file upload-v8.cif (mmCIF, C-alpha atoms and all ligand atoms)
data_coords
#
loop_
_atom_site.label_atom_id
_atom_site.label_comp_id
_atom_site.auth_asym_id
_atom_site.auth_seq_id
_atom_site.Cartn_x
_atom_site.Cartn_y
_atom_site.Cartn_z
CA MET F 1185 172.54 118.76 40.47
CA SER F 1186 172.79 121.04 37.54
CA MET F 1187 169.86 121.01 35.14
CA ARG F 1188 172.28 120.36 32.30
CA THR F 1189 174.41 117.59 33.79
CA PHE F 1190 172.63 114.34 34.41
CA SER F 1191 172.27 110.72 33.39
CA TYR F 1192 168.87 109.28 32.62
CA GLN F 1193 168.17 105.59 32.22
CA ALA F 1194 164.61 104.50 31.43
CA LEU F 1195 163.54 101.13 32.81
CA PRO F 1196 162.58 98.56 30.15
CA ASN F 1197 159.16 97.58 31.48
CA ARG F 1198 155.71 97.93 30.00
CA VAL F 1199 152.82 99.75 31.66
CA VAL F 1200 149.15 99.34 30.82
CA PHE F 1201 147.08 101.89 32.74
CA GLY F 1202 143.38 102.66 32.96
CA ALA F 1203 139.94 101.60 34.08
CA GLY F 1204 139.18 98.19 32.57
CA SER F 1205 142.81 97.55 31.54
CA LEU F 1206 142.56 94.10 33.09
CA SER F 1207 140.72 93.10 29.91
CA LYS F 1208 144.14 93.25 28.21
CA LEU F 1209 145.64 90.61 30.53
CA ASN F 1210 145.64 87.80 27.96
CA GLU F 1211 147.06 90.04 25.26
CA GLU F 1212 149.86 90.95 27.66
CA ALA F 1213 150.44 87.30 28.58
CA ASP F 1214 150.70 86.49 24.83
CA ARG F 1215 153.28 89.20 24.38
CA LEU F 1216 155.46 87.52 27.02
CA GLY F 1217 154.79 84.02 25.71
CA ILE F 1218 153.11 82.92 28.94
CA GLY F 1219 151.11 79.72 28.36
CA ARG F 1220 150.77 78.46 31.95
CA ALA F 1221 150.44 81.14 34.61
CA LEU F 1222 150.74 80.83 38.38
CA VAL F 1223 148.67 83.54 40.11
CA VAL F 1224 150.26 84.90 43.31
CA CYS F 1225 148.33 86.63 46.12
CA THR F 1226 148.00 86.90 49.93
CA PRO F 1227 145.52 84.71 51.83
CA GLN F 1228 143.39 87.90 52.13
CA GLN F 1229 143.07 88.40 48.37
CA THR F 1230 142.15 84.96 47.05
CA ASP F 1231 138.88 86.32 45.61
CA ALA F 1232 140.80 88.74 43.43
CA ALA F 1233 143.19 85.93 42.46
CA GLU F 1234 140.26 83.66 41.51
CA MET F 1235 138.94 86.43 39.30
CA ILE F 1236 142.35 86.67 37.58
CA LEU F 1237 142.51 82.88 37.17
CA GLN F 1238 139.08 82.99 35.47
CA LYS F 1239 140.20 85.76 33.14
CA LEU F 1240 143.28 83.77 32.16
CA GLY F 1241 141.07 80.89 31.02
CA THR F 1242 143.03 77.76 30.13
CA ARG F 1243 146.23 79.72 30.57
CA GLY F 1244 145.55 80.09 34.31
CA VAL F 1245 146.93 77.01 36.08
CA SER F 1246 146.69 77.62 39.83
CA ILE F 1247 146.86 80.06 42.71
CA CYS F 1248 149.68 80.42 45.21
CA ALA F 1249 148.20 82.36 48.17
CA ARG F 1250 151.35 82.40 50.28
CA ALA F 1251 152.41 86.06 50.03
CA THR F 1252 153.19 87.65 53.39
CA MET F 1253 155.05 90.68 54.72
CA HIS F 1254 158.86 90.97 54.28
CA THR F 1255 159.14 88.10 51.72
CA PRO F 1256 160.65 85.39 53.96
CA THR F 1257 162.86 83.03 51.91
CA GLU F 1258 161.25 79.93 53.45
CA VAL F 1259 157.89 81.04 52.00
CA THR F 1260 159.54 81.65 48.63
CA GLN F 1261 160.88 78.08 48.75
CA LEU F 1262 157.35 76.69 49.19
CA ALA F 1263 156.09 78.92 46.38
CA ILE F 1264 158.86 77.60 44.07
CA GLU F 1265 157.44 74.13 44.70
CA ASP F 1266 153.96 75.40 43.74
CA LEU F 1267 155.47 76.86 40.58
CA LEU F 1268 157.14 73.56 39.66
CA ASP F 1269 154.00 71.52 40.49
CA ALA F 1270 152.00 73.81 38.20
CA ARG F 1271 154.67 73.56 35.46
CA ALA F 1272 154.13 77.30 35.14
CA ASP F 1273 156.02 79.35 32.58
CA GLY F 1274 154.99 82.73 33.96
CA VAL F 1275 153.85 84.49 37.13
CA VAL F 1276 150.94 86.89 37.56
CA SER F 1277 150.83 88.76 40.87
CA ILE F 1278 147.75 90.58 42.17
CA GLY F 1279 148.08 92.64 45.34
CA GLY F 1280 150.33 95.07 47.17
CA GLY F 1281 154.07 95.20 47.77
CA SER F 1282 154.11 91.93 49.73
CA THR F 1283 152.53 89.95 46.89
CA ILE F 1284 154.56 91.58 44.15
CA GLY F 1285 157.66 90.90 46.29
CA LEU F 1286 156.97 87.16 46.38
CA ALA F 1287 156.35 87.08 42.62
CA LYS F 1288 159.61 88.98 42.04
CA ALA F 1289 161.43 86.43 44.21
CA LEU F 1290 159.97 83.63 42.06
CA SER F 1291 160.67 85.29 38.75
CA VAL F 1292 164.27 86.22 39.56
CA ARG F 1293 165.02 82.66 40.71
CA THR F 1294 163.45 80.96 37.68
CA ASP F 1295 163.91 83.56 34.94
CA LEU F 1296 160.15 83.39 34.21
CA PRO F 1297 158.23 86.49 33.06
CA HIS F 1298 156.15 88.37 35.65
CA ILE F 1299 153.00 90.44 35.11
CA ALA F 1300 152.29 92.57 38.20
CA ILE F 1301 148.75 93.81 38.90
CA PRO F 1302 149.01 96.28 41.80
CA THR F 1303 146.13 96.92 44.18
CA THR F 1304 147.86 99.36 46.58
CA TYR F 1305 149.92 102.53 46.05
CA ALA F 1306 153.27 101.10 47.28
CA GLY F 1307 154.85 101.07 43.80
CA SER F 1308 156.80 97.79 43.86
CA GLU F 1309 155.51 96.86 40.37
CA MET F 1310 157.71 99.61 38.89
CA THR F 1311 160.99 98.73 40.59
CA PRO F 1312 163.95 96.38 40.08
CA ILE F 1313 164.19 96.14 43.90
CA LEU F 1314 163.51 93.13 46.10
CA GLY F 1315 163.58 93.01 49.90
CA GLU F 1316 163.82 89.50 51.35
CA THR F 1317 164.06 88.16 54.88
CA ASP F 1318 166.41 85.30 55.61
CA ASN F 1319 166.72 84.06 59.21
CA GLY F 1320 165.00 87.23 60.40
CA ILE F 1321 167.40 89.56 58.57
CA LYS F 1322 165.92 91.68 55.77
CA SER F 1323 168.19 92.69 52.94
CA THR F 1324 167.42 94.57 49.78
CA ARG F 1325 168.91 94.16 46.33
CA ARG F 1326 168.51 95.91 43.01
CA GLU F 1327 168.83 93.98 39.76
CA LEU F 1328 167.16 94.52 36.41
CA ALA F 1329 165.98 90.89 36.33
CA ILE F 1330 163.75 91.69 39.36
CA LEU F 1331 161.69 94.28 37.47
CA PRO F 1332 158.27 92.88 36.43
CA ALA F 1333 158.02 92.77 32.63
CA THR F 1334 154.56 94.34 32.67
CA ALA F 1335 152.44 96.28 35.15
CA ILE F 1336 148.67 96.51 34.65
CA TYR F 1337 147.01 99.31 36.63
CA ASP F 1338 143.24 98.87 36.72
CA VAL F 1339 141.52 101.32 39.07
CA GLU F 1340 138.63 98.88 39.57
CA LEU F 1341 140.91 96.84 41.84
CA THR F 1342 141.55 99.70 44.26
CA PHE F 1343 138.03 100.48 45.47
CA SER F 1344 138.33 97.66 48.02
CA LEU F 1345 141.54 99.07 49.52
CA PRO F 1346 140.41 100.08 53.04
CA PRO F 1347 140.45 103.86 53.70
CA ALA F 1348 143.18 103.65 56.38
CA LEU F 1349 145.50 101.66 54.10
CA SER F 1350 144.64 103.92 51.17
CA ALA F 1351 145.88 106.89 53.20
CA THR F 1352 149.13 105.36 54.47
CA SER F 1353 149.90 103.53 51.23
CA GLY F 1354 149.39 106.80 49.35
CA ILE F 1355 151.78 108.62 51.69
CA ASN F 1356 154.26 105.73 51.28
CA ALA F 1357 154.14 106.58 47.56
CA ILE F 1358 154.63 110.29 48.26
CA ALA F 1359 157.77 109.36 50.24
CA HIS F 1360 159.32 107.80 47.10
CA ALA F 1361 158.68 111.02 45.20
CA VAL F 1362 159.99 113.25 48.01
CA GLU F 1363 163.31 111.40 48.17
CA ALA F 1364 163.62 111.34 44.37
CA LEU F 1365 163.65 115.16 44.45
CA TYR F 1366 166.98 115.23 46.32
CA ALA F 1367 168.48 111.94 45.09
CA PRO F 1368 172.21 112.14 44.26
CA ASP F 1369 171.46 110.46 40.93
CA GLY F 1370 168.29 112.50 40.30
CA ASN F 1371 167.47 113.99 36.92
CA PRO F 1372 164.94 116.44 35.46
CA VAL F 1373 162.62 113.75 34.09
CA ILE F 1374 162.29 112.05 37.46
CA SER F 1375 161.90 115.40 39.24
CA LEU F 1376 158.96 116.26 36.96
CA MET F 1377 157.39 112.90 37.71
CA ALA F 1378 158.02 113.30 41.45
CA GLU F 1379 156.35 116.69 41.70
CA GLU F 1380 153.37 115.46 39.68
CA ALA F 1381 153.16 112.35 41.90
CA ILE F 1382 152.99 114.42 45.10
CA LYS F 1383 150.47 116.81 43.58
CA SER F 1384 148.20 113.98 42.37
CA LEU F 1385 148.29 112.02 45.62
CA ALA F 1386 147.87 115.10 47.82
CA ARG F 1387 144.68 115.95 45.91
CA ALA F 1388 143.37 112.40 45.70
CA LEU F 1389 143.91 111.06 49.23
CA PRO F 1390 141.57 113.45 51.11
CA ALA F 1391 138.87 112.84 48.49
CA ILE F 1392 139.26 109.07 48.95
CA GLN F 1393 138.79 109.48 52.72
CA ARG F 1394 135.56 111.36 52.10
CA ASN F 1395 134.37 108.74 49.64
CA PRO F 1396 136.42 105.57 49.02
CA LEU F 1397 134.34 104.92 45.90
CA ASP F 1398 135.24 108.28 44.30
CA ARG F 1399 136.36 107.03 40.88
CA GLU F 1400 138.16 110.18 39.82
CA ALA F 1401 140.12 110.34 43.08
CA ARG F 1402 141.01 106.64 42.93
CA GLU F 1403 142.28 107.10 39.38
CA LEU F 1404 144.32 110.16 40.34
CA ALA F 1405 145.85 108.30 43.30
CA PHE F 1406 146.78 105.32 41.10
CA TYR F 1407 148.32 107.65 38.54
CA GLY F 1408 150.35 109.30 41.32
CA SER F 1409 151.40 105.91 42.62
CA TRP F 1410 152.63 104.85 39.16
CA LEU F 1411 154.69 108.05 38.94
CA ALA F 1412 156.04 107.56 42.47
CA GLY F 1413 156.88 103.91 41.77
CA THR F 1414 158.83 105.06 38.71
CA CYS F 1415 160.79 107.47 40.94
CA LEU F 1416 161.56 104.68 43.42
CA GLY F 1417 162.67 102.36 40.62
CA SER F 1418 164.88 104.92 38.92
CA VAL F 1419 166.91 106.84 41.50
CA SER F 1420 168.46 106.22 44.92
CA MET F 1421 166.51 106.67 48.12
CA SER F 1422 168.20 107.99 51.25
CA ILE F 1423 167.53 109.03 54.86
CA HIS F 1424 163.76 108.56 54.95
CA HIS F 1425 163.72 105.07 53.41
CA LYS F 1426 166.71 103.95 55.51
CA LEU F 1427 165.06 105.14 58.72
CA CYS F 1428 161.84 103.33 57.83
CA HIS F 1429 163.80 100.21 56.91
CA THR F 1430 165.49 100.25 60.34
CA LEU F 1431 162.26 100.88 62.22
CA GLY F 1432 160.28 98.33 60.22
CA GLY F 1433 162.97 95.68 60.31
CA SER F 1434 164.24 95.94 63.89
CA PHE F 1435 161.10 97.05 65.71
CA ASP F 1436 158.51 95.28 63.59
CA LEU F 1437 156.52 98.43 62.84
CA PRO F 1438 153.94 98.35 60.01
CA HIS F 1439 155.37 99.41 56.64
CA ALA F 1440 153.03 102.07 55.24
CA GLU F 1441 152.26 103.58 58.67
CA THR F 1442 155.95 103.93 59.48
CA HIS F 1443 156.53 105.79 56.21
CA THR F 1444 153.59 108.03 56.99
CA VAL F 1445 154.84 109.00 60.45
CA VAL F 1446 158.53 109.45 59.57
CA LEU F 1447 158.19 111.41 56.30
CA PRO F 1448 157.63 114.92 57.76
CA TYR F 1449 160.60 114.52 60.15
CA ALA F 1450 162.99 113.13 57.54
CA THR F 1451 161.94 116.00 55.27
CA ALA F 1452 162.57 118.60 58.00
CA TYR F 1453 165.98 117.02 58.67
CA VAL F 1454 167.20 117.61 55.11
CA ALA F 1455 165.23 120.80 54.39
CA GLU F 1456 168.09 123.29 54.57
CA ALA F 1457 170.36 121.08 52.49
CA ALA F 1458 167.77 120.50 49.75
CA PRO F 1459 166.00 123.83 49.06
CA ASP F 1460 164.95 123.01 45.47
CA ALA F 1461 163.30 119.79 46.61
CA MET F 1462 161.47 121.67 49.38
CA ALA F 1463 160.21 124.25 46.88
CA ALA F 1464 158.89 121.47 44.62
CA ILE F 1465 157.12 119.75 47.55
CA ARG F 1466 155.52 123.03 48.65
CA ARG F 1467 154.35 123.74 45.10
CA ALA F 1468 152.90 120.24 44.83
CA LEU F 1469 151.09 120.44 48.18
CA GLY F 1470 149.90 123.98 47.50
CA LYS F 1471 149.95 124.80 51.23
CA ASP F 1472 151.55 127.51 53.36
CA GLY F 1473 154.27 126.58 55.81
CA SER F 1474 157.26 124.31 55.35
CA ALA F 1475 157.29 121.21 53.16
CA ALA F 1476 157.57 119.05 56.29
CA GLN F 1477 154.57 120.72 57.93
CA GLY F 1478 152.56 120.39 54.73
CA LEU F 1479 153.27 116.65 54.64
CA GLN F 1480 152.19 116.22 58.25
CA GLU F 1481 149.02 118.25 57.66
CA LEU F 1482 148.20 115.98 54.74
CA ALA F 1483 148.61 112.92 57.01
CA LYS F 1484 146.33 114.53 59.62
CA SER F 1485 143.74 115.45 57.02
CA VAL F 1486 143.41 111.77 56.04
CA ASP F 1487 143.30 110.55 59.67
CA ALA F 1488 146.62 108.75 59.30
CA PRO F 1489 148.89 108.17 62.32
CA THR F 1490 151.40 110.94 63.04
CA SER F 1491 153.51 109.51 65.89
CA LEU F 1492 155.69 106.43 66.30
CA GLU F 1493 154.06 105.84 69.67
CA GLN F 1494 150.68 105.43 67.96
CA ILE F 1495 152.00 102.67 65.71
CA GLY F 1496 153.60 100.56 68.41
CA MET F 1497 157.16 101.88 68.87
CA SER F 1498 158.44 101.79 72.45
CA GLU F 1499 160.31 104.79 73.83
CA ASP F 1500 163.04 102.45 75.11
CA GLY F 1501 163.91 101.57 71.54
CA LEU F 1502 164.74 105.10 70.38
CA ASP F 1503 168.44 104.94 71.38
CA ARG F 1504 168.97 101.64 69.64
CA ALA F 1505 167.08 102.89 66.57
CA ALA F 1506 169.36 105.94 66.39
CA ASP F 1507 172.45 103.70 66.74
CA LEU F 1508 171.23 101.30 64.05
CA ALA F 1509 170.21 104.08 61.68
CA THR F 1510 173.64 105.71 61.87
CA SER F 1511 175.81 102.58 62.06
CA ASN F 1512 176.01 102.21 58.28
CA PRO F 1513 176.75 105.64 56.88
CA TYR F 1514 175.11 106.41 53.54
CA TRP F 1515 174.57 109.45 51.42
CA SER F 1516 172.03 112.03 52.61
CA PRO F 1517 171.70 115.70 51.62
CA ARG F 1518 172.45 116.42 55.28
CA PRO F 1519 174.91 113.96 56.81
CA LEU F 1520 173.55 111.65 59.46
CA GLU F 1521 174.63 112.64 62.94
CA ARG F 1522 173.71 110.29 65.74
CA ASP F 1523 172.42 112.93 68.15
CA ALA F 1524 170.43 114.76 65.50
CA ILE F 1525 168.85 111.49 64.37
CA ARG F 1526 168.02 110.65 67.99
CA GLY F 1527 166.32 114.07 68.16
CA LEU F 1528 164.41 113.37 64.95
CA LEU F 1529 163.19 110.03 66.33
CA GLU F 1530 162.16 111.65 69.61
CA LYS F 1531 160.03 114.18 67.76
CA ALA F 1532 158.55 111.44 65.58
CA PHE F 1533 157.83 109.34 68.67
CA LYS F 1534 155.81 112.16 70.18
CA GLY F 1535 154.30 113.33 66.90
CA GLU F 1536 155.50 116.91 67.42
CA ARG F 1537 155.01 119.48 64.72
CA PRO F 1538 158.11 119.35 62.47
CA ASP F 1539 160.12 122.48 61.57
P1 LIG G 1601 150.79 94.68 51.52
O1 LIG G 1601 151.13 94.16 50.15
O2 LIG G 1601 151.49 94.05 52.67
O3 LIG G 1601 149.21 94.58 51.69
C1 LIG G 1601 148.60 94.79 52.96
C2 LIG G 1601 147.29 94.01 53.05
O4 LIG G 1601 146.29 94.64 52.24
C3 LIG G 1601 147.40 92.57 52.54
O5 LIG G 1601 146.65 91.74 53.37
C4 LIG G 1601 146.77 92.65 51.15
O6 LIG G 1601 146.27 91.43 50.71
C5 LIG G 1601 145.69 93.69 51.37
N1 LIG G 1601 145.30 94.41 50.15
C6 LIG G 1601 146.09 94.92 49.20
N2 LIG G 1601 145.38 95.54 48.25
C7 LIG G 1601 144.08 95.41 48.59
C8 LIG G 1601 142.88 95.85 48.00
N3 LIG G 1601 142.85 96.60 46.86
N4 LIG G 1601 141.72 95.53 48.62
C9 LIG G 1601 141.74 94.83 49.77
N5 LIG G 1601 142.86 94.41 50.39
C10 LIG G 1601 144.02 94.70 49.80
O7 LIG G 1601 151.02 96.26 51.62
P2 LIG G 1601 151.88 97.29 50.75
O8 LIG G 1601 151.95 98.50 51.56
O9 LIG G 1601 151.37 97.37 49.37
O10 LIG G 1601 153.31 96.61 50.64
C11 LIG G 1601 154.23 96.65 51.69
C12 LIG G 1601 155.40 95.71 51.43
O11 LIG G 1601 155.89 95.92 50.11
C13 LIG G 1601 156.57 95.96 52.37
O12 LIG G 1601 157.14 94.72 52.73
C14 LIG G 1601 157.54 96.76 51.52
O13 LIG G 1601 158.88 96.60 51.93
C15 LIG G 1601 157.28 96.23 50.15
N6 LIG G 1601 157.57 97.21 49.09
C16 LIG G 1601 158.56 96.93 48.21
C17 LIG G 1601 158.86 97.81 47.18
C18 LIG G 1601 159.93 97.47 46.21
O14 LIG G 1601 160.19 98.25 45.29
N7 LIG G 1601 160.59 96.35 46.33
C19 LIG G 1601 158.15 99.00 47.05
C20 LIG G 1601 157.13 99.29 47.98
C21 LIG G 1601 156.85 98.38 48.99
#
call {"tool": "encode", "arguments": {"input": "upload-v8.cif", "output": "structure tokens"}}
result
Amino acid sequence: MSMRTFSYQALPNRVVFGAGSLSKLNEEADRLGIGRALVVCTPQQTDAAEMILQKLGTRGVSICARATMHTPTEVTQLAIEDLLDARADGVVSIGGGSTIGLAKALSVRTDLPHIAIPTTYAGSEMTPILGETDNGIKSTRRELAILPATAIYDVELTFSLPPALSATSGINAIAHAVEALYAPDGNPVISLMAEEAIKSLARALPAIQRNPLDREARELAFYGSWLAGTCLGSVSMSIHHKLCHTLGGSFDLPHAETHTVVLPYATAYVAEAAPDAMAAIRRALGKDGSAAQGLQELAKSVDAPTSLEQIGMSEDGLDRAADLATSNPYWSPRPLERDAIRGLLEKAFKGERPD
């Protein structure tokens, strides 16, 4: 990519960021003409959803606590019934990528406005992307109508995010930024955001492990996650996200942990083909050694898993994973070769130091 030849398309969503920004919820609902809101959450976050319902006052109609991993369409169908029963004219989601995914599925099917209130670092609130599972098969689509109209980032909601999930969710966000740096449709604005995202998260995550209530670190991590979500929403992802999609979908590995383990190896795989991206990652991490090694050291420093074995992958599955990952060719800075990908997965399985 030449610095002087690029396309840049800003996404038409609204972002309200900052400690206490939840106090602007009703103002934001007014802006979108929401008079009857359905609040969406997981069964684990009903307390947070109750708090949102209270804040919405008479505008808050009811809670749909059905969100679950991978957005199964049968769950969405039940949630549509909740939406109709509530005669809702808008959706407010509070939670991580799973919750925001269900609210996206509702909003795109009904054309109702969606306010997303993220509580993890996954970044879904900033993207026009929806992954859904139908009959056990997960597929992903990108459509502007999927993008939440408004995202409200209030750091107060992130103190309860457990340290282990804070670490892996934060590295999940870093992965969006890493891939944005070598995206075929990348551009200078997104590259600036990506480098700043990695820098912010790399500083914040170790501080959060030391003290999960560190306000400054939590704010910096949320800021990095907003930037990373913008990267994910704006440009194409490649080898890393596809590998994680295969491993998550076909081997039922946990989302954020899989991203955390795979990222250093995917980065090493493309390193020679993407030198500018590697330089940006190294600058952002501020560490010696390769970009891939720096990313793995960051994972180690926050006690995150570093091998596929640790997160439940079986060695028997590596051949099939390599076949699946290379069966649908897609763009990558370094083309996907079956044997090289098998090698990558082997290293990731064992948690070896990447090149
Ligand atoms: P998650 O939404 O599955 O949340 C994990 C668990 O943590 C849930 O039980 C949730 O209720 C709980 N939780 C979340 N925030 C909390 C908090 N602050 N305090 C206490 N508990 C909290 O996890 P995730 O990593 O945010 O999302 C992963 C899912 O999102 C995956 O299915 C992934 O594919 C999807 N995703 C989609 C996009 C997109 O653009 N479409 C982007 C990123 C992730």
call {"tool": "residues_around", "arguments": {"input": "upload-v8.cif", "residues": "Gly1473 (chain F)", "least_positions_apart": "5", "cutoff": "12 Å", "atoms": "all atoms listed in the file", "output": "PyMOL selection string"}}
result
chain F and resi 1452+1462-1463+1465-1467+1478-1481+1537-1539
call {"tool": "residues_near_ligand", "arguments": {"input": "upload-v8.cif", "ligand": "ligand LIG 1601 (chain G)", "cutoff": "8 Å", "atoms": "only C-alpha atoms and all ligand atoms", "output": "number ranges by chain"}}
result
F: 1225-1229, 1252-1255, 1279-1285, 1302-1315, 1324, 1341-1346, 1349, 1352-1353, 1356-1357, 1413, 1416-1417, 1429, 1439-1440
call {"tool": "residues_around", "arguments": {"input": "upload-v8.cif", "residues": "Ala1300 (chain F)", "least_positions_apart": "2", "cutoff": "6 Å", "atoms": "all atoms listed in the file", "output": "VMD selection string"}}
result
chain F and resid 1276 to 1277 1309 1335
call {"tool": "atom_distance", "arguments": {"input": "upload-v8.cif", "atom1": "CA of Arg1504 (chain F)", "atom2": "CA of Leu1427 (chain F)"}}
result
12.1 Å
call {"tool": "residues_around", "arguments": {"input": "upload-v8.cif", "residues": "Asn1395 (chain F)", "least_positions_apart": "5", "cutoff": "10 Å", "atoms": "all atoms listed in the file", "output": "list in words"}}
result
Phe1343, Pro1347, Leu1389, Pro1390, Ala1401 and Arg1402 of chain F
